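S.K.: This is the structure I have questions about; it appears just below.
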Protein chains: 2
Amino acid sequence: MEIRFSGFGGQGIIKAGILLGKAASLFDGKHATMNQSFGPEARGGACSAQVVILNTPILYPYITEPDIVVTMSQEAYEKFANDIPKGKTLLTDSDLVKPEKVPKSVNMYSVPATRIAENMGNRIFANVVMVGFLTAITEVVSKDAVKKALPGSVPDRFVEGNIEAFERGYKYGIDLINNKKTTPKAKVKKKDKE
Amino acid sequence: MEIRFSGFGGQGIIKAGILLGKAASLFDGKHATMNQSFGPEARGGACSAQVVILNTPILYPYITEPDIVVTMSQEAYEKFANDIPKGKTLLTDSDLVKPEKVPKSVNMYSVPATRIAENMGNRIFANVVMVGFLTAITEVVSKDAVKKALPGSVPDRFVEGNIEAFERGYKYGIDLINNKKTTPKAKVKKKDKE
């Protein structure tokens, strides 16, 4: 599974990547890497983490064909949403990203992650709301694994808030799937890339 | 240049890697990646960032032969110090790492990074003290580049403190080199790996 988490600096994009990697490796028994390539995109505050999660050791930690692309800013959307292969999944922050033309072949799911975090009193939780949403929609990591990985990944005083943020994002995702009635196309098949 | 930055969770190891990568790519005009592999070492709080800095695009972001290994904990030292090739550089936090047997062929330089940070009032600066020390000893990034990369890499309210932390680590490194009188063997030759 190749996952790109993108947004702007200060949103905790890299932290979200680390959280996914820890959850997958420590608590789901998989192999994971998180990679950040610095380049012109590092100017202007854009930020992207490449996470690879496999059942086998990872030889090449770059993303070749993303299975899941998360965009938490318009700039990130414009940069990364075009490269999503057919049938793969795009997740966006619905308040921060206004998609212009989403290819029909891409499964897009949106969550007001930043607004949910602000309603909790602190927008620093937006990244973990998004991780909860991603977990519900894609099942790339297990819910339990993320909850176990949170303590130790965030400062102690924020553990409780982050777990709540994760649960809120997760619930938003589950509700979205249930309301769609149809089988969610975005549920990434486990056989892909593993 | 292949640099491993290692220590325990909470020391800002990944942040130090990101800072180096940003400095090199945005302000020194090089290519850089920062990679974190999750594995059993992610248990128990050990933490390691692999940074690769080259003049050319980076095809393989893992470390094959480190040029510089930074260890900010005894556990990290025991795990990574044995793999340092002849003639390469080992940097340690002198209070947190007690080297048992350092091969003569390795150039070891130590700085009380955490103590310097505590003297500033906050040990969160220890990672950037170490980056300052690394910059002075190895010149893998330029002093100016790191200082330009700091704003935007740390929360606004900590920029000033981090710049001071960087300067203190840098000065400690320069003083150490000057006091050694001899040409510092640890000054990594620019022709290596580039």
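Naming works like this for the structure tokens: A, B, ... for the chains as they're shown, residue 1 at the start of each chain, ligands 1 onward in shown order.
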Mind listing as number ranges by chain which residues of chain A are within 9 Å of chain B, counting only C-alpha atoms?
M.R.: A: 9-10, 18, 21-22, 24-26, 30-40, 42-43, 45, 58, 60-62, 152-155
S.K.: Could you pull the residues within 10 Å of Ile116 of chain A, counting only C-alpha atoms, minus those fewer than 2 positions along the same chain, as a list in words?
M.R.: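 After dropping sequence-adjacent residues, the list is Val111, Pro112, Ala113, Thr114, Glu118, Asn119, Met120, Gly121, Asn122, Arg123, Phe125, Ala126, Val129, Met130, Ala165, Arg168, Gly169 and Tyr172 of chain A.
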S.K.: Please list as a short mmCIF file (atom, residue, chain, number, x, y, z; two decimals) with all heavy atoms, in the first residue's frame every residue within 12 Å of Asp93 of chain B, counting only C-alpha atoms and excluding residues in the same chain fewer than 2 positions away.
M.R.:
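Writing the result to around_33.cif gives the following:
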data_model
loop_
_atom_site.label_atom_id
_atom_site.label_comp_id
_atom_site.auth_asym_id
_atom_site.auth_seq_id
_atom_site.Cartn_x
_atom_site.Cartn_y
_atom_site.Cartn_z
N PHE B 5 20.62 10.24 12.03
CA PHE B 5 20.36 10.98 13.25
C PHE B 5 19.56 10.04 14.15
O PHE B 5 18.51 9.58 13.75
CB PHE B 5 19.54 12.23 12.92
CG PHE B 5 19.97 13.48 13.66
CD1 PHE B 5 20.74 14.44 13.04
CD2 PHE B 5 19.58 13.68 14.97
CE1 PHE B 5 21.14 15.59 13.72
CE2 PHE B 5 19.97 14.82 15.65
CZ PHE B 5 20.76 15.78 15.03
N SER B 6 20.09 9.71 15.34
CA SER B 6 19.39 8.71 16.14
C SER B 6 19.35 9.09 17.61
O SER B 6 20.20 9.82 18.12
CB SER B 6 20.04 7.34 15.97
OG SER B 6 21.37 7.35 16.46
N GLY B 7 18.34 8.59 18.29
CA GLY B 7 18.15 8.88 19.71
C GLY B 7 16.87 8.21 20.18
O GLY B 7 16.55 7.11 19.70
N GLN B 11 12.98 13.41 21.41
CA GLN B 11 14.16 14.27 21.29
C GLN B 11 14.14 15.13 20.03
O GLN B 11 15.04 15.94 19.83
CB GLN B 11 15.45 13.41 21.28
CG GLN B 11 15.89 12.93 22.65
CD GLN B 11 17.19 12.16 22.57
OE1 GLN B 11 17.36 11.29 21.71
NE2 GLN B 11 18.12 12.45 23.46
N VAL B 69 27.18 9.72 11.68
CA VAL B 69 26.20 9.10 12.56
C VAL B 69 26.09 9.93 13.83
O VAL B 69 27.10 10.17 14.50
CB VAL B 69 26.58 7.64 12.91
CG1 VAL B 69 25.61 7.06 13.94
CG2 VAL B 69 26.61 6.78 11.65
N VAL B 70 24.89 10.39 14.12
CA VAL B 70 24.64 11.14 15.35
C VAL B 70 23.88 10.23 16.31
O VAL B 70 22.86 9.66 15.93
CB VAL B 70 23.77 12.39 15.06
CG1 VAL B 70 23.51 13.16 16.35
CG2 VAL B 70 24.42 13.27 14.00
N THR B 71 24.40 10.08 17.52
CA THR B 71 23.67 9.28 18.51
C THR B 71 23.39 10.13 19.74
O THR B 71 24.30 10.68 20.35
CB THR B 71 24.46 8.02 18.93
OG1 THR B 71 25.71 8.40 19.49
CG2 THR B 71 24.72 7.12 17.73
N MET B 72 22.11 10.23 20.07
CA MET B 72 21.70 11.03 21.23
C MET B 72 21.16 10.17 22.36
O MET B 72 20.51 10.67 23.27
CB MET B 72 20.69 12.10 20.81
CG MET B 72 21.33 13.17 19.91
SD MET B 72 20.25 14.58 19.60
CE MET B 72 20.18 15.38 21.21
N SER B 73 21.39 8.86 22.29
CA SER B 73 21.05 7.98 23.41
C SER B 73 21.99 6.79 23.38
O SER B 73 22.56 6.44 22.34
CB SER B 73 19.59 7.49 23.31
OG SER B 73 19.47 6.50 22.31
N GLN B 74 22.14 6.16 24.55
CA GLN B 74 23.02 4.99 24.64
C GLN B 74 22.52 3.87 23.74
O GLN B 74 23.30 3.20 23.06
CB GLN B 74 23.07 4.51 26.11
CG GLN B 74 24.12 3.45 26.40
CD GLN B 74 25.54 3.97 26.24
OE1 GLN B 74 25.79 5.17 26.40
NE2 GLN B 74 26.46 3.08 25.90
N ALA B 76 20.81 4.13 21.00
CA ALA B 76 21.11 4.46 19.60
C ALA B 76 22.58 4.22 19.32
O ALA B 76 22.96 3.70 18.26
CB ALA B 76 20.72 5.91 19.32
N TYR B 77 23.42 4.59 20.29
CA TYR B 77 24.86 4.37 20.12
C TYR B 77 25.16 2.88 19.91
O TYR B 77 25.90 2.49 19.01
CB TYR B 77 25.62 4.90 21.33
CG TYR B 77 27.09 4.55 21.32
CD1 TYR B 77 27.99 5.31 20.58
CD2 TYR B 77 27.55 3.44 22.00
CE1 TYR B 77 29.33 4.96 20.53
CE2 TYR B 77 28.89 3.08 21.96
CZ TYR B 77 29.77 3.85 21.23
OH TYR B 77 31.09 3.50 21.18
N LEU B 90 31.44 10.16 13.93
CA LEU B 90 30.44 9.85 14.95
C LEU B 90 30.28 11.06 15.86
O LEU B 90 31.27 11.58 16.38
CB LEU B 90 30.91 8.65 15.79
CG LEU B 90 30.15 8.35 17.08
CD1 LEU B 90 28.70 7.95 16.79
CD2 LEU B 90 30.86 7.24 17.87
N LEU B 91 29.06 11.52 16.01
CA LEU B 91 28.77 12.62 16.93
C LEU B 91 27.88 12.07 18.04
O LEU B 91 26.92 11.34 17.77
CB LEU B 91 28.05 13.76 16.21
CG LEU B 91 28.74 14.35 14.97
CD1 LEU B 91 27.89 15.49 14.39
CD2 LEU B 91 30.14 14.84 15.28
N ASP B 95 26.63 13.60 27.49
CA ASP B 95 26.03 13.20 28.76
C ASP B 95 25.18 11.94 28.62
O ASP B 95 24.99 11.21 29.58
CB ASP B 95 25.14 14.33 29.31
CG ASP B 95 25.98 15.51 29.78
OD1 ASP B 95 27.13 15.29 30.20
OD2 ASP B 95 25.48 16.65 29.71
N LEU B 96 24.65 11.72 27.45
CA LEU B 96 23.69 10.63 27.28
C LEU B 96 24.32 9.38 26.68
O LEU B 96 23.72 8.31 26.70
CB LEU B 96 22.52 11.08 26.40
CG LEU B 96 21.74 12.30 26.91
CD1 LEU B 96 20.54 12.59 26.02
CD2 LEU B 96 21.27 12.09 28.35
N VAL B 97 25.51 9.53 26.11
CA VAL B 97 26.16 8.37 25.48
C VAL B 97 27.51 8.15 26.13
O VAL B 97 28.33 9.08 26.21
CB VAL B 97 26.33 8.61 23.96
CG1 VAL B 97 27.11 7.45 23.33
CG2 VAL B 97 24.97 8.78 23.29
N LYS B 98 27.73 6.96 26.63
CA LYS B 98 29.03 6.58 27.18
C LYS B 98 29.62 5.52 26.26
O LYS B 98 29.33 4.34 26.41
CB LYS B 98 28.87 6.03 28.60
CG LYS B 98 28.28 7.04 29.59
CD LYS B 98 29.20 8.27 29.76
CE LYS B 98 28.51 9.40 30.51
NZ LYS B 98 29.12 10.72 30.23
N PRO B 99 30.46 5.95 25.34
CA PRO B 99 31.01 4.98 24.38
C PRO B 99 31.90 3.98 25.09
O PRO B 99 32.68 4.34 25.97
CB PRO B 99 31.84 5.84 23.43
CG PRO B 99 31.40 7.24 23.68
CD PRO B 99 30.96 7.30 25.10
N MET B 108 35.37 10.68 16.40
CA MET B 108 34.26 10.94 17.32
C MET B 108 34.37 12.34 17.92
O MET B 108 35.43 12.75 18.38
CB MET B 108 34.24 9.92 18.45
CG MET B 108 32.97 10.04 19.29
SD MET B 108 32.85 8.82 20.61
CE MET B 108 33.72 9.68 21.90
N TYR B 109 33.25 13.05 17.91
CA TYR B 109 33.15 14.37 18.52
C TYR B 109 31.90 14.38 19.39
O TYR B 109 30.84 13.93 18.97
CB TYR B 109 33.04 15.46 17.46
CG TYR B 109 34.32 15.68 16.69
CD1 TYR B 109 34.67 14.83 15.64
CD2 TYR B 109 35.17 16.73 17.01
CE1 TYR B 109 35.85 15.02 14.94
CE2 TYR B 109 36.34 16.93 16.31
CZ TYR B 109 36.68 16.08 15.28
OH TYR B 109 37.84 16.28 14.59
N SER B 110 32.02 14.94 20.59
CA SER B 110 30.89 14.92 21.51
C SER B 110 30.54 16.32 21.99
O SER B 110 31.42 17.17 22.13
CB SER B 110 31.22 14.04 22.72
OG SER B 110 31.45 12.71 22.28
N VAL B 111 29.26 16.50 22.25
CA VAL B 111 28.75 17.79 22.74
C VAL B 111 27.67 17.51 23.79
O VAL B 111 26.86 16.60 23.61
CB VAL B 111 28.17 18.62 21.57
CG1 VAL B 111 27.08 17.84 20.83
CG2 VAL B 111 27.62 19.96 22.05
N PRO B 112 27.67 18.24 24.89
CA PRO B 112 26.58 18.05 25.86
C PRO B 112 25.32 18.78 25.40
O PRO B 112 24.89 19.76 26.01
CB PRO B 112 27.17 18.66 27.15
CG PRO B 112 28.11 19.72 26.66
CD PRO B 112 28.67 19.22 25.35
N ALA B 113 24.73 18.30 24.31
CA ALA B 113 23.63 19.02 23.66
C ALA B 113 22.44 19.20 24.60
O ALA B 113 21.86 20.28 24.68
CB ALA B 113 23.20 18.27 22.39
N THR B 114 22.10 18.13 25.30
CA THR B 114 20.92 18.21 26.17
C THR B 114 21.18 19.17 27.33
O THR B 114 20.30 19.96 27.71
CB THR B 114 20.55 16.81 26.68
OG1 THR B 114 20.36 15.96 25.54
CG2 THR B 114 19.27 16.84 27.50
N ARG B 115 22.41 19.12 27.87
CA ARG B 115 22.73 20.02 28.98
C ARG B 115 22.72 21.48 28.52
O ARG B 115 22.22 22.37 29.21
CB ARG B 115 24.09 19.65 29.59
CG ARG B 115 24.25 20.23 30.98
CD ARG B 115 25.60 20.00 31.62
NE ARG B 115 26.37 18.92 31.04
CZ ARG B 115 27.70 18.98 30.91
NH1 ARG B 115 28.38 20.06 31.27
NH2 ARG B 115 28.36 17.96 30.39
N ILE B 116 23.26 21.73 27.34
CA ILE B 116 23.24 23.10 26.79
C ILE B 116 21.79 23.57 26.64
O ILE B 116 21.45 24.70 26.98
CB ILE B 116 23.99 23.15 25.44
CG1 ILE B 116 25.50 22.98 25.68
CG2 ILE B 116 23.69 24.45 24.70
CD1 ILE B 116 26.33 22.82 24.41
N ALA B 117 20.94 22.68 26.15
CA ALA B 117 19.53 23.03 25.98
C ALA B 117 18.87 23.29 27.33
O ALA B 117 18.09 24.25 27.48
CB ALA B 117 18.80 21.92 25.22
N ALA B 126 17.58 20.51 22.41
CA ALA B 126 18.79 19.68 22.31
C ALA B 126 19.06 19.22 20.87
O ALA B 126 20.21 19.17 20.42
CB ALA B 126 18.69 18.48 23.24
N ASN B 127 17.99 18.90 20.15
CA ASN B 127 18.19 18.41 18.78
C ASN B 127 18.83 19.49 17.91
O ASN B 127 19.69 19.19 17.06
CB ASN B 127 16.87 17.91 18.18
CG ASN B 127 15.79 18.98 18.09
OD1 ASN B 127 15.85 20.00 18.79
ND2 ASN B 127 14.80 18.75 17.24
N VAL B 129 20.66 22.09 19.03
CA VAL B 129 22.05 22.24 19.48
C VAL B 129 22.92 21.24 18.71
O VAL B 129 24.00 21.57 18.19
CB VAL B 129 22.18 22.01 21.00
CG1 VAL B 129 23.65 22.03 21.42
CG2 VAL B 129 21.40 23.06 21.78
N MET B 130 22.42 20.01 18.62
CA MET B 130 23.19 18.98 17.92
C MET B 130 23.34 19.30 16.43
O MET B 130 24.40 19.07 15.84
CB MET B 130 22.52 17.62 18.12
CG MET B 130 23.26 16.46 17.50
SD MET B 130 24.97 16.25 18.09
CE MET B 130 24.74 15.21 19.54
N VAL B 131 22.30 19.84 15.83
CA VAL B 131 22.40 20.23 14.41
C VAL B 131 23.46 21.33 14.25
O VAL B 131 24.25 21.32 13.29
CB VAL B 131 21.04 20.69 13.85
CG1 VAL B 131 21.21 21.30 12.45
CG2 VAL B 131 20.07 19.51 13.78
N PHE B 133 26.11 21.76 16.17
CA PHE B 133 27.39 21.08 16.36
C PHE B 133 27.78 20.33 15.08
O PHE B 133 28.91 20.44 14.59
CB PHE B 133 27.24 20.11 17.55
CG PHE B 133 28.50 19.41 17.95
CD1 PHE B 133 29.57 20.11 18.48
CD2 PHE B 133 28.59 18.04 17.83
CE1 PHE B 133 30.73 19.44 18.87
CE2 PHE B 133 29.74 17.36 18.22
CZ PHE B 133 30.81 18.06 18.74
N LEU B 134 26.82 19.60 14.54
CA LEU B 134 27.04 18.85 13.30
C LEU B 134 27.47 19.78 12.16
O LEU B 134 28.36 19.46 11.37
CB LEU B 134 25.76 18.10 12.95
CG LEU B 134 25.70 17.23 11.69
CD1 LEU B 134 24.69 16.09 11.90
CD2 LEU B 134 25.29 18.01 10.46
N GLY B 169 25.32 25.31 19.72
CA GLY B 169 25.90 24.05 19.28
C GLY B 169 27.01 24.29 18.27
O GLY B 169 28.06 23.62 18.29
#
S.K.: Using DSSP on the backbone, list every residue of segment 2-192 of chain B that comes out as strand (DSSP E), and give them as an MDAnalysis selection string.
M.R.: chainID B and resid 2:8 31:38 46:54 68:71 89:93 107:111
S.K.: Using the selection just defined, write its residues with C-alpha atoms as a compact mmCIF listing (two decimals), in the first residue's frame.
M.R.:
# COMPACT_ATOMS: atom_id res chain seq x y z
CA GLU B 2 24.49 9.91 4.22
CA ILE B 3 23.60 11.02 7.70
CA ARG B 4 21.91 9.02 10.42
CA PHE B 5 20.36 10.98 13.25
CA SER B 6 19.39 8.71 16.14
CA GLY B 7 18.15 8.88 19.71
CA PHE B 8 14.90 8.26 21.51
CA HIS B 31 18.79 17.37 -3.22
CA ALA B 32 17.69 15.80 0.03
CA THR B 33 15.46 13.09 1.43
CA MET B 34 14.57 12.11 4.96
CA ASN B 35 13.49 8.55 5.56
CA GLN B 36 12.25 6.73 8.59
CA SER B 37 11.98 2.96 8.55
CA PHE B 38 9.72 1.55 11.19
CA ALA B 46 14.28 4.37 19.84
CA CYS B 47 14.15 6.63 16.87
CA SER B 48 16.27 7.15 13.76
CA ALA B 49 16.12 9.43 10.73
CA GLN B 50 18.09 8.70 7.60
CA VAL B 51 19.00 11.82 5.67
CA VAL B 52 20.61 11.75 2.26
CA ILE B 53 22.01 14.95 0.76
CA LEU B 54 23.44 14.96 -2.75
CA ILE B 68 27.93 10.89 9.69
CA VAL B 69 26.20 9.10 12.56
CA VAL B 70 24.64 11.14 15.35
CA THR B 71 23.67 9.28 18.51
CA THR B 89 32.27 10.64 11.73
CA LEU B 90 30.44 9.85 14.95
CA LEU B 91 28.77 12.62 16.93
CA THR B 92 27.36 11.95 20.39
CA ASP B 93 25.59 13.71 23.21
CA ASN B 107 36.31 10.38 14.21
CA MET B 108 34.26 10.94 17.32
CA TYR B 109 33.15 14.37 18.52
CA SER B 110 30.89 14.92 21.51
CA VAL B 111 28.75 17.79 22.74
S.K.: Quick one: DSSP alpha helix (DSSP H) residues in segment 15-83 of chain B, as an NGL selection string?
M.R.: :B and (15-22 or 74-80)
S.K.: Could the residues in this selection be saved with N, CA and C atoms as a PDB file, in the first residue's frame?
M.R.:
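result-v6.pdb written:
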ATOM      1  N   LYS B  15      12.580  15.683  13.466  1.00  0.00           N
ATOM      2  CA  LYS B  15      12.605  17.121  13.174  1.00  0.00           C
ATOM      3  C   LYS B  15      14.006  17.590  12.789  1.00  0.00           C
ATOM      4  N   ALA B  16      14.998  17.042  13.441  1.00  0.00           N
ATOM      5  CA  ALA B  16      16.374  17.395  13.085  1.00  0.00           C
ATOM      6  C   ALA B  16      16.671  16.955  11.657  1.00  0.00           C
ATOM      7  N   GLY B  17      16.182  15.776  11.299  1.00  0.00           N
ATOM      8  CA  GLY B  17      16.374  15.286   9.929  1.00  0.00           C
ATOM      9  C   GLY B  17      15.689  16.180   8.910  1.00  0.00           C
ATOM     10  N   ILE B  18      14.483  16.595   9.245  1.00  0.00           N
ATOM     11  CA  ILE B  18      13.736  17.483   8.340  1.00  0.00           C
ATOM     12  C   ILE B  18      14.458  18.823   8.203  1.00  0.00           C
ATOM     13  N   LEU B  19      14.970  19.320   9.314  1.00  0.00           N
ATOM     14  CA  LEU B  19      15.687  20.604   9.289  1.00  0.00           C
ATOM     15  C   LEU B  19      16.919  20.517   8.380  1.00  0.00           C
ATOM     16  N   LEU B  20      17.673  19.444   8.523  1.00  0.00           N
ATOM     17  CA  LEU B  20      18.844  19.262   7.658  1.00  0.00           C
ATOM     18  C   LEU B  20      18.432  19.183   6.187  1.00  0.00           C
ATOM     19  N   GLY B  21      17.382  18.416   5.945  1.00  0.00           N
ATOM     20  CA  GLY B  21      16.926  18.251   4.558  1.00  0.00           C
ATOM     21  C   GLY B  21      16.468  19.556   3.943  1.00  0.00           C
ATOM     22  N   LYS B  22      15.729  20.320   4.724  1.00  0.00           N
ATOM     23  CA  LYS B  22      15.258  21.625   4.222  1.00  0.00           C
ATOM     24  C   LYS B  22      16.432  22.566   3.977  1.00  0.00           C
ATOM     25  N   GLN B  74      22.145   6.158  24.551  1.00  0.00           N
ATOM     26  CA  GLN B  74      23.020   4.989  24.642  1.00  0.00           C
ATOM     27  C   GLN B  74      22.520   3.868  23.738  1.00  0.00           C
ATOM     28  N   GLU B  75      21.213   3.704  23.724  1.00  0.00           N
ATOM     29  CA  GLU B  75      20.621   2.644  22.900  1.00  0.00           C
ATOM     30  C   GLU B  75      20.937   2.876  21.423  1.00  0.00           C
ATOM     31  N   ALA B  76      20.808   4.129  21.003  1.00  0.00           N
ATOM     32  CA  ALA B  76      21.108   4.459  19.603  1.00  0.00           C
ATOM     33  C   ALA B  76      22.584   4.225  19.323  1.00  0.00           C
ATOM     34  N   TYR B  77      23.422   4.593  20.287  1.00  0.00           N
ATOM     35  CA  TYR B  77      24.864   4.367  20.116  1.00  0.00           C
ATOM     36  C   TYR B  77      25.161   2.885  19.915  1.00  0.00           C
ATOM     37  N   GLU B  78      24.554   2.077  20.783  1.00  0.00           N
ATOM     38  CA  GLU B  78      24.842   0.639  20.699  1.00  0.00           C
ATOM     39  C   GLU B  78      24.329   0.034  19.397  1.00  0.00           C
ATOM     40  N   LYS B  79      23.266   0.611  18.912  1.00  0.00           N
ATOM     41  CA  LYS B  79      22.678   0.071  17.681  1.00  0.00           C
ATOM     42  C   LYS B  79      23.432   0.520  16.428  1.00  0.00           C
ATOM     43  N   PHE B  80      23.850   1.777  16.402  1.00  0.00           N
ATOM     44  CA  PHE B  80      24.326   2.326  15.128  1.00  0.00           C
ATOM     45  C   PHE B  80      25.830   2.611  15.063  1.00  0.00           C
TER      46      PHE B  80
END
S.K.: If I take atom CA of Val146 of chain B and atom CA of Glu164 of chain B, how far is one from the other in Å, to one decimal?
M.R.: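 Between atom CA of Val146 of chain B and atom CA of Glu164 of chain B the gap is 12.0 Å.
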S.K.: To one decimal place in Å, what is the distance between atom CA of Phe158 of chain A and atom CA of Ile177 of chain A?
M.R.: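 Distance reported for this atom pair: 28.6 Å.
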S.K.: Please report the interatomic distance between atom CA of Pro85 of chain A and atom CA of Phe27 of chain A in Å with one decimal.
M.R.: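 Computing it gives 28.7 Å between the two atoms.
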S.K.: Write out as a ChimeraX atom specification the residues lying within 9 Å of Val106 of chain B, counting only C-alpha atoms and excluding same-chain residues fewer than 3 positions away.
M.R.: /B:84-90,102-103,186
S.K.: Hey, can you spit out that residue selection with N, CA and C atoms as a PDB file, in the first residue's frame?
M.R.:
ATOM      1  N   ILE B  84      29.793   2.221  11.548  1.00  0.00           N
ATOM      2  CA  ILE B  84      30.395   3.396  10.916  1.00  0.00           C
ATOM      3  C   ILE B  84      31.670   2.994  10.173  1.00  0.00           C
ATOM      4  N   PRO B  85      31.718   3.284   8.880  1.00  0.00           N
ATOM      5  CA  PRO B  85      32.924   2.911   8.125  1.00  0.00           C
ATOM      6  C   PRO B  85      34.140   3.708   8.584  1.00  0.00           C
ATOM      7  N   LYS B  86      35.275   3.171   8.273  1.00  0.00           N
ATOM      8  CA  LYS B  86      36.574   3.786   8.577  1.00  0.00           C
ATOM      9  C   LYS B  86      36.618   5.226   8.067  1.00  0.00           C
ATOM     10  N   GLY B  87      37.110   6.105   8.924  1.00  0.00           N
ATOM     11  CA  GLY B  87      37.294   7.486   8.478  1.00  0.00           C
ATOM     12  C   GLY B  87      36.053   8.341   8.548  1.00  0.00           C
ATOM     13  N   LYS B  88      34.932   7.742   8.908  1.00  0.00           N
ATOM     14  CA  LYS B  88      33.698   8.524   8.974  1.00  0.00           C
ATOM     15  C   LYS B  88      33.501   9.098  10.373  1.00  0.00           C
ATOM     16  N   THR B  89      32.414   9.795  10.554  1.00  0.00           N
ATOM     17  CA  THR B  89      32.270  10.642  11.734  1.00  0.00           C
ATOM     18  C   THR B  89      31.135  10.183  12.651  1.00  0.00           C
ATOM     19  N   LEU B  90      31.436  10.164  13.930  1.00  0.00           N
ATOM     20  CA  LEU B  90      30.437   9.849  14.951  1.00  0.00           C
ATOM     21  C   LEU B  90      30.279  11.059  15.857  1.00  0.00           C
ATOM     22  N   VAL B 102      35.374   2.854  20.967  1.00  0.00           N
ATOM     23  CA  VAL B 102      35.225   3.517  19.679  1.00  0.00           C
ATOM     24  C   VAL B 102      36.407   3.093  18.805  1.00  0.00           C
ATOM     25  N   PRO B 103      36.132   2.552  17.637  1.00  0.00           N
ATOM     26  CA  PRO B 103      37.243   2.195  16.755  1.00  0.00           C
ATOM     27  C   PRO B 103      38.085   3.446  16.471  1.00  0.00           C
ATOM     28  N   ALA B 186      37.535  14.897  11.375  1.00  0.00           N
ATOM     29  CA  ALA B 186      36.110  14.659  11.168  1.00  0.00           C
ATOM     30  C   ALA B 186      35.487  15.592  10.146  1.00  0.00           C
TER      31      ALA B 186
END
